[in-house]
Structure formats: structure tokens, C-alpha cells
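Enquirer: Structure file work-v2.json (JSON, C-alpha atoms) is given on the next line.
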[["chain", "number", "residue", "atom", "x", "y", "z"],
["A", 1254, "MET", "CA", 148.98, 49.37, 39.96],
["A", 1255, "ALA", "CA", 147.13, 48.87, 43.26],
["A", 1256, "ARG", "CA", 143.38, 48.42, 43.21],
["A", 1257, "ARG", "CA", 141.48, 51.42, 44.50],
["A", 1258, "LYS", "CA", 138.43, 51.81, 46.66],
["A", 1259, "VAL", "CA", 135.41, 53.35, 44.95],
["A", 1260, "THR", "CA", 133.13, 56.06, 46.24],
["A", 1261, "GLU", "CA", 130.37, 55.92, 43.66],
["A", 1262, "MET", "CA", 129.10, 52.52, 44.79],
["A", 1263, "ILE", "CA", 126.60, 51.80, 47.54],
["A", 1264, "PRO", "CA", 128.72, 53.05, 50.45],
["A", 1265, "HIS", "CA", 130.35, 50.50, 52.74],
["A", 1266, "LYS", "CA", 133.10, 50.73, 55.34],
["A", 1267, "ALA", "CA", 135.56, 52.16, 52.83],
["A", 1268, "GLN", "CA", 133.24, 55.10, 52.18],
["A", 1269, "ALA", "CA", 132.62, 55.92, 55.86],
["A", 1270, "GLY", "CA", 129.73, 53.46, 55.91],
["A", 1271, "VAL", "CA", 126.87, 55.74, 54.91],
["A", 1272, "GLY", "CA", 124.92, 53.25, 52.78],
["A", 1273, "TYR", "CA", 122.22, 50.74, 53.59],
["A", 1274, "GLU", "CA", 124.65, 47.79, 53.51],
["A", 1275, "ALA", "CA", 126.76, 49.38, 56.25],
["A", 1276, "ILE", "CA", 123.63, 50.22, 58.25],
["A", 1277, "TRP", "CA", 122.44, 46.62, 57.99],
["A", 1278, "SER", "CA", 125.82, 45.18, 58.96],
["A", 1279, "HIS", "CA", 125.83, 47.29, 62.13],
["A", 1280, "ILE", "CA", 122.24, 46.36, 62.96],
["A", 1281, "GLN", "CA", 123.26, 42.70, 62.77],
["A", 1282, "MET", "CA", 125.99, 43.30, 65.35],
["A", 1283, "TYR", "CA", 123.29, 43.86, 67.97],
["A", 1284, "LYS", "CA", 121.84, 40.36, 67.44],
["A", 1285, "ASP", "CA", 119.07, 40.05, 70.09],
["A", 1286, "GLN", "CA", 119.96, 43.35, 71.76],
["A", 1287, "PRO", "CA", 117.91, 46.51, 71.18],
["A", 1288, "PHE", "CA", 119.38, 49.43, 69.28],
["A", 1289, "THR", "CA", 118.36, 52.97, 68.43],
["A", 1290, "VAL", "CA", 118.79, 55.09, 65.35],
["A", 1291, "PRO", "CA", 121.50, 57.18, 67.10],
["A", 1292, "ASP", "CA", 123.35, 53.93, 67.92],
["A", 1293, "ILE", "CA", 123.50, 52.99, 64.23],
["A", 1294, "VAL", "CA", 124.34, 56.53, 63.14],
["A", 1295, "ALA", "CA", 127.30, 56.59, 65.51],
["A", 1296, "LYS", "CA", 128.64, 53.11, 64.73],
["A", 1297, "ALA", "CA", 128.13, 53.18, 60.95],
["A", 1298, "ASN", "CA", 129.01, 56.87, 60.58],
["A", 1299, "ALA", "CA", 125.71, 57.12, 58.71],
["A", 1300, "ASP", "CA", 123.49, 60.07, 57.93],
["A", 1301, "ARG", "CA", 120.68, 60.15, 60.48],
["A", 1302, "THR", "CA", 117.95, 60.67, 57.89],
["A", 1303, "SER", "CA", 119.22, 57.77, 55.78],
["A", 1304, "ALA", "CA", 119.52, 55.47, 58.79],
["A", 1305, "HIS", "CA", 116.05, 56.33, 60.07],
["A", 1306, "ASP", "CA", 114.52, 55.88, 56.61],
["A", 1307, "TYR", "CA", 116.14, 52.47, 56.09],
["A", 1308, "ILE", "CA", 115.15, 51.24, 59.55],
["A", 1309, "LYS", "CA", 111.54, 52.29, 58.85],
["A", 1310, "ARG", "CA", 111.64, 50.21, 55.66],
["A", 1311, "LEU", "CA", 113.04, 47.25, 57.61],
["A", 1312, "VAL", "CA", 110.19, 47.57, 60.11],
["A", 1313, "ARG", "CA", 107.58, 47.62, 57.34],
["A", 1314, "ALA", "CA", 109.19, 44.59, 55.71],
["A", 1315, "GLY", "CA", 109.29, 42.64, 58.98],
["A", 1316, "TYR", "CA", 113.07, 42.46, 59.36],
["A", 1317, "VAL", "CA", 113.13, 44.77, 62.37],
["A", 1318, "GLU", "CA", 110.65, 45.25, 65.21],
["A", 1319, "LYS", "CA", 110.00, 48.61, 66.85],
["A", 1320, "LEU", "CA", 109.94, 48.18, 70.62],
["A", 1321, "PRO", "CA", 107.62, 50.14, 72.97],
["A", 1322, "VAL", "CA", 110.57, 51.55, 74.92],
["A", 1323, "LYS", "CA", 113.04, 54.38, 74.52],
["A", 1324, "GLN", "CA", 116.68, 54.95, 75.38],
["A", 1325, "LYS", "CA", 117.80, 58.56, 75.74],
["A", 1326, "ASN", "CA", 114.56, 59.72, 74.10],
["A", 1327, "ALA", "CA", 115.09, 57.47, 71.06],
["A", 1328, "TRP", "CA", 112.88, 54.52, 70.14],
["A", 1329, "CYS", "CA", 114.42, 51.08, 70.46],
["A", 1330, "TYR", "CA", 114.41, 48.46, 67.71],
["A", 1331, "LYS", "CA", 115.37, 44.80, 67.44],
["A", 1332, "ALA", "CA", 116.27, 42.69, 64.39],
["A", 1333, "VAL", "CA", 113.94, 39.70, 64.01],
["A", 1334, "LYS", "CA", 115.23, 38.44, 60.66],
["A", 1335, "ARG", "CA", 118.92, 38.43, 59.78],
["A", 1336, "PRO", "CA", 119.71, 37.60, 56.16],
["A", 1337, "LEU", "CA", 123.41, 37.97, 55.45],
["A", 1338, "THR", "CA", 122.79, 40.30, 52.53],
["A", 1339, "ALA", "CA", 121.23, 43.67, 53.32],
["A", 1340, "PRO", "CA", 117.55, 43.75, 52.28],
["A", 1341, "ARG", "CA", 116.89, 46.08, 49.36],
["A", 1342, "LEU", "CA", 113.56, 47.70, 50.09],
["A", 1343, "ARG", "CA", 111.19, 50.32, 48.79],
["A", 1344, "ARG", "CA", 109.62, 52.86, 51.14],
["A", 1345, "ASP", "CA", 106.58, 50.62, 51.68],
["A", 1346, "GLY", "CA", 108.83, 47.70, 52.69],
["A", 1347, "SER", "CA", 108.42, 45.75, 49.45],
["A", 1348, "GLN", "CA", 111.49, 44.11, 47.97],
["A", 1349, "VAL", "CA", 113.48, 45.81, 45.22],
["A", 1350, "THR", "CA", 113.98, 43.24, 42.48],
["A", 1351, "GLN", "CA", 116.45, 45.23, 40.37],
["A", 1352, "GLY", "CA", 119.84, 43.52, 40.73],
["A", 1353, "SER", "CA", 118.27, 40.34, 42.07],
["A", 1354, "GLY", "CA", 119.19, 38.46, 38.92],
["A", 1355, "ARG", "CA", 122.85, 39.19, 39.51],
["A", 1356, "ASP", "CA", 122.59, 37.98, 43.11],
["A", 1357, "HIS", "CA", 120.85, 34.79, 41.97],
["A", 1358, "MET", "CA", 123.51, 34.14, 39.32],
["A", 1359, "TRP", "CA", 126.37, 34.67, 41.77],
["A", 1360, "ARG", "CA", 124.89, 32.16, 44.22],
["A", 1361, "THR", "CA", 124.07, 29.66, 41.48],
["A", 1362, "MET", "CA", 127.56, 29.80, 39.95],
["A", 1363, "LYS", "CA", 128.98, 28.64, 43.25],
["A", 1364, "MET", "CA", 126.61, 25.68, 43.38],
["A", 1365, "LEU", "CA", 127.30, 24.52, 39.83],
["A", 1366, "ARG", "CA", 130.67, 22.92, 39.12],
["A", 1367, "THR", "CA", 130.66, 24.04, 35.49],
["A", 1368, "PHE", "CA", 128.00, 25.94, 33.59],
["A", 1369, "THR", "CA", 127.10, 27.57, 30.30],
["A", 1370, "ALA", "CA", 125.21, 30.84, 30.09],
["A", 1371, "LYS", "CA", 122.06, 28.89, 29.32],
["A", 1372, "ASP", "CA", 122.60, 26.61, 32.33],
["A", 1373, "LEU", "CA", 123.09, 29.64, 34.54],
["A", 1374, "ALA", "CA", 120.05, 31.50, 33.25],
["A", 1375, "ILE", "CA", 117.81, 28.49, 33.79],
["A", 1376, "SER", "CA", 119.21, 27.44, 37.19],
["A", 1377, "ALA", "CA", 119.31, 30.97, 38.64],
["A", 1378, "SER", "CA", 115.79, 31.91, 37.56],
["A", 1379, "THR", "CA", 112.92, 31.74, 40.02],
["A", 1380, "LYS", "CA", 109.20, 32.42, 39.87],
["A", 1381, "ASP", "CA", 109.83, 36.06, 40.78],
["A", 1382, "VAL", "CA", 113.16, 36.62, 39.01],
["A", 1383, "ARG", "CA", 113.50, 35.52, 35.39],
["A", 1384, "ILE", "CA", 117.00, 35.69, 33.92],
["A", 1385, "LYS", "CA", 117.54, 35.87, 30.18],
["A", 1386, "GLU", "CA", 120.42, 34.01, 28.59],
["A", 1387, "ASN", "CA", 121.89, 37.24, 27.20],
["A", 1388, "ALA", "CA", 121.97, 38.70, 30.72],
["A", 1389, "ALA", "CA", 123.85, 35.62, 31.92],
["A", 1390, "VAL", "CA", 126.34, 35.97, 29.05],
["A", 1391, "ASP", "CA", 126.95, 39.62, 29.92],
["A", 1392, "TYR", "CA", 127.57, 38.90, 33.61],
["A", 1393, "ILE", "CA", 129.83, 35.93, 32.79],
["A", 1394, "LYS", "CA", 131.89, 38.08, 30.42],
["A", 1395, "PHE", "CA", 132.65, 40.67, 33.09],
["A", 1396, "LEU", "CA", 133.47, 38.06, 35.74],
["A", 1397, "TYR", "CA", 135.74, 36.33, 33.23],
["A", 1398, "ARG", "CA", 137.56, 39.61, 32.49],
["A", 1399, "ALA", "CA", 137.86, 40.31, 36.22],
["A", 1400, "GLY", "CA", 139.50, 36.93, 36.83],
["A", 1401, "TYR", "CA", 136.72, 35.13, 38.70],
["A", 1402, "LEU", "CA", 135.98, 32.55, 36.02],
["A", 1403, "LYS", "CA", 137.87, 30.48, 33.49],
["A", 1404, "ILE", "CA", 136.67, 28.65, 30.41],
["A", 1405, "ALA", "CA", 136.23, 25.00, 31.32],
["A", 1406, "GLN", "CA", 135.17, 23.95, 27.84],
["A", 1407, "PRO", "CA", 135.38, 26.26, 24.80],
["A", 1408, "HIS", "CA", 132.44, 26.39, 22.42],
["A", 1409, "ARG", "CA", 134.69, 24.89, 19.76],
["A", 1410, "LYS", "CA", 138.17, 23.38, 19.83],
["A", 1411, "GLY", "CA", 140.95, 25.92, 20.14],
["A", 1412, "SER", "CA", 138.63, 28.85, 20.77],
["A", 1413, "ALA", "CA", 138.97, 31.21, 23.73],
["A", 1414, "ARG", "CA", 135.83, 33.14, 22.82],
["A", 1415, "VAL", "CA", 133.57, 34.05, 25.70],
["A", 1416, "GLY", "CA", 129.93, 33.57, 24.80],
["A", 1417, "HIS", "CA", 126.78, 31.49, 24.91],
["A", 1418, "LYS", "CA", 128.18, 28.03, 24.18],
["A", 1419, "ALA", "CA", 131.36, 27.87, 26.24],
["A", 1420, "SER", "CA", 131.22, 26.41, 29.74],
["A", 1421, "TYR", "CA", 132.83, 28.09, 32.74],
["A", 1422, "MET", "CA", 133.98, 27.43, 36.27],
["A", 1423, "PHE", "CA", 135.34, 29.44, 39.20],
["A", 1424, "LEU", "CA", 139.07, 29.96, 39.46],
["A", 1425, "PRO", "CA", 140.50, 28.74, 42.81],
["A", 1426, "GLY", "CA", 140.13, 31.31, 45.58],
["A", 1427, "LYS", "CA", 137.80, 33.59, 43.62],
["A", 1428, "ASN", "CA", 134.69, 32.89, 45.66],
["A", 1429, "THR", "CA", 135.19, 36.15, 47.51],
["A", 1430, "GLY", "CA", 132.01, 36.12, 49.60],
["A", 1431, "PRO", "CA", 128.22, 36.13, 49.59],
["A", 1432, "LYS", "CA", 127.71, 39.49, 47.85],
["A", 1433, "ALA", "CA", 127.56, 39.48, 44.07],
["A", 1434, "PRO", "CA", 130.17, 41.60, 42.25],
["A", 1435, "VAL", "CA", 128.51, 44.61, 40.63],
["A", 1436, "ILE", "CA", 128.93, 45.80, 37.06],
["A", 1437, "GLN", "CA", 129.00, 49.57, 37.29],
["A", 1438, "ARG", "CA", 127.48, 51.79, 34.63],
["A", 1439, "ILE", "CA", 130.99, 52.84, 33.63],
["A", 1440, "LYS", "CA", 131.78, 49.16, 32.91],
["A", 1441, "ARG", "CA", 133.90, 48.42, 35.97],
["A", 1442, "VAL", "CA", 133.55, 45.42, 38.25],
["A", 1443, "TYR", "CA", 133.20, 46.27, 41.92],
["A", 1444, "ASP", "CA", 133.35, 43.51, 44.54],
["A", 1445, "PRO", "CA", 131.46, 44.51, 47.71],
["A", 1446, "ASN", "CA", 133.07, 41.60, 49.59],
["A", 1447, "LEU", "CA", 136.51, 43.13, 48.98],
["A", 1448, "GLU", "CA", 135.23, 46.72, 48.93],
["A", 1449, "GLN", "CA", 137.16, 47.55, 45.78],
["A", 1450, "VAL", "CA", 137.14, 47.74, 42.01],
["A", 1451, "VAL", "CA", 138.62, 44.48, 40.75],
["A", 1452, "TRP", "CA", 138.51, 45.22, 37.02],
["A", 1453, "PRO", "CA", 140.17, 47.05, 35.50],
["A", 1454, "GLU", "CA", 142.85, 46.75, 38.18],
["A", 1455, "ASP", "CA", 143.81, 50.43, 38.09],
["A", 1456, "GLY", "CA", 140.18, 51.42, 38.71],
["A", 1457, "GLY", "CA", 140.20, 53.52, 35.59],
["A", 1458, "ASP", "CA", 138.58, 53.26, 32.20],
["A", 1459, "ASN", "CA", 138.66, 49.91, 30.53],
["A", 1460, "GLU", "CA", 139.16, 51.19, 27.01]]
Translate this structure into C-alpha cells?
Expert:
Amino acid sequence: MARRKVTEMIPHKAQAGVGYEAIWSHIQMYKDQPFTVPDIVAKANADRTSAHDYIKRLVRAGYVEKLPVKQKNAWCYKAVKRPLTAPRLRRDGSQVTQGSGRDHMWRTMKMLRTFTAKDLAISASTKDVRIKENAAVDYIKFLYRAGYLKIAQPHRKGSARVGHKASYMFLPGKNTGPKAPVIQRIKRVYDPNLEQVVWPEDGGDNE
């Protein structure tokens, strides 16, 4: 059965682009050119209140600069920092750390040829983001089920058990992009690079 788009995730192009990731991707299209809130609303098909709120957060965090000029009675802005992944920010501009561990693990997996859950937890942890081994095991399990990873070395001969002691590696072609696949609360794996649920393949329940 064909994989389906999801609507309950952070919205992206498939959901008419009303989420902060879509807003950020359209801001980046302007590069060194100024833009206004109405520009982003029109291009990203975003809610004006949501777009304005996110841009205010970007200004407070130093990613976007508010310019002292207007176009069609709207203030102009310019991006001054352009990380590939959309900044996740609180209203005061401080970084949201929830989900950062997943992002760190996704990046680290791609740098390590093979890894155990312990290797991943240690290598992906930083001063600000500490990753527990059990969290690494949980993320590995879902990526394994979704077909991103394979067991490179079982924890004991003849075992296909996914857990702490086995080592893993990426399957060819499964590095789908810079954004970490998300484990939804309903235990589905959503890949924001592909804009679709990748496990289970029918997008339904996994039981």
C-alpha cells in the first residue's frame, strides 16, 4: 500500500505549509533580499499570526534582522543566519531543546560507520543535550523497523534481537536528508525529508 502524507505533524509543503519549518524554508529563499510577513504568508500559505509570531522569535534569537523600512506598509526583514534546519524557538527567542537529542543522534549516526546504542548516546551527547542509552535504543529500534538501519553485528551469534549490545549501520540510500525522522506519539515514524510516514508503510496502526 502506498505511503501516505500526514497532517498531524509539524506542517510542511504537503500540509499547505503552515508550520514553522515551511516558514523558515521560504525565508531562506530570500537569501540576502528583504522580505515581509505578507510575503511569507503568501508563499508558504501560512497563517499570518503564526508567521508573524515565528519571525518575531527569529528576530529575538538573532536569526533574522528587522529593517527600518517598509514595503506596502509592512516591515521588512532579512535573514542573517541560515541553518539548514528550522530553529525551534520559544517566544523569548531561546532554543527549544525538546527533540534535540533525536536531531543529534540522526547526525551522529551518519558520521559513525557502525555504532551501538551506547556509542550513539555518548557520541551524540553535548554539554547542553545529554542522551541516555535507553533513549538511543528506542530511537534505533524505530529506525530499524522503518528500514533505515540494519544490524551490523548482533549482540550474540545468530541473534537478530534489536537492543543495547548489537551494532548497527545505515542501509544504502537511507540517508534521506538533514532532518531527523520523528517518532510520533502514536508510534509511527515520519520522515520530514520525504514528507511522509515511512513506518508502518500504510500509515496506519502498527499493532
Enquirer: How many Å separate CA of Leu1342 (chain A) from CA of Lys1319 (chain A)?
Expert: 17.2 Å
Enquirer: Considering all atoms listed in the file, return as a JSON list (two decimals) with C-alpha atoms, in the coordinates of the input whatever protein or nucleic-acid residues lie within 8 Å of Tyr1330 (chain A), sequence-local ones (same chain, fewer than 2 positions apart) excluded.
Expert:
[["chain", "number", "residue", "atom", "x", "y", "z"],
["A", 1287, "PRO", "CA", 117.91, 46.51, 71.18],
["A", 1288, "PHE", "CA", 119.38, 49.43, 69.28],
["A", 1289, "THR", "CA", 118.36, 52.97, 68.43],
["A", 1317, "VAL", "CA", 113.13, 44.77, 62.37],
["A", 1318, "GLU", "CA", 110.65, 45.25, 65.21],
["A", 1319, "LYS", "CA", 110.00, 48.61, 66.85],
["A", 1320, "LEU", "CA", 109.94, 48.18, 70.62],
["A", 1328, "TRP", "CA", 112.88, 54.52, 70.14],
["A", 1332, "ALA", "CA", 116.27, 42.69, 64.39]]
Enquirer: Return the single residue from A:Arg1310, A:Arg1438, A:Lys1403, A:His1305 that is closest to Val1349 (chain A), with distances computed using all atoms listed in the file.
Expert: A:Arg1310
Enquirer: To one decimal in Å, tell me the separation between CA of Tyr1316 (chain A) and CA of Lys1334 (chain A).
Expert: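 Between CA of Tyr1316 (chain A) and CA of Lys1334 (chain A) the gap is 4.7 Å.
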Enquirer: Looking at A:Ser1347, A:Ser1278, A:Thr1367, A:Gln1286, which one is nearest to Ala1299 (chain A), with distances taken over all atoms listed in the file?
Expert: A:Ser1278
Enquirer: If I take CA of Ser1303 (chain A) and CA of Pro1291 (chain A), how far is one from the other in Å, to one decimal?
Expert: 11.6 Å
Enquirer: Find, counting only C-alpha atoms, the residue in A:His1417, A:Lys1284, A:His1408, A:Lys1325 that gets nearest to Ala1374 (chain A).
Expert: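 The shortest atom-to-atom distance to Ala1374 (chain A) comes from A:His1417.
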Enquirer: Taking all atoms listed in the file into account, which of A:Ile1280, A:Ala1419, A:Ala1433, A:Ile1384 comes nearest Val1294 (chain A)?
Expert: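 When distances to Val1294 (chain A) are compared using all atoms listed in the file, the smallest one comes from A:Ile1280.
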Enquirer: Choose the residue, out of A:Ala1370, A:Ala1388, A:Val1442, A:Val1322, that has the smallest atom-to-atom separation from Ile1404 (chain A); count all atoms listed in the file.
Expert: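 Answer, going by the shortest atom-to-atom distance: A:Ala1370.
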Enquirer: Which of these, A:Thr1361, A:Ser1353, A:Ser1420, A:Gln1324, has the shortest distance to Pro1407 (chain A) once you count only C-alpha atoms?
Expert: A:Ser1420
Enquirer: Once you count all atoms listed in the file, which residues end up no further than 10 Å from (116.7, 34.1, 37.9) in the file's frame, shown as an NGL selection string?
Expert: :A and (1353-1358 or 1361 or 1373-1385 or 1389)
Enquirer: Dump as a list in words all residues having an atom at most 7 Å from (127.9, 38.2, 50.2), computed in the file's coordinates with all atoms listed in the file.
Expert: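 Here the neighbourhood of the point contains Leu1337, Thr1338, Gly1430, Pro1431, Lys1432, Ala1433 and Asn1446 of chain A.
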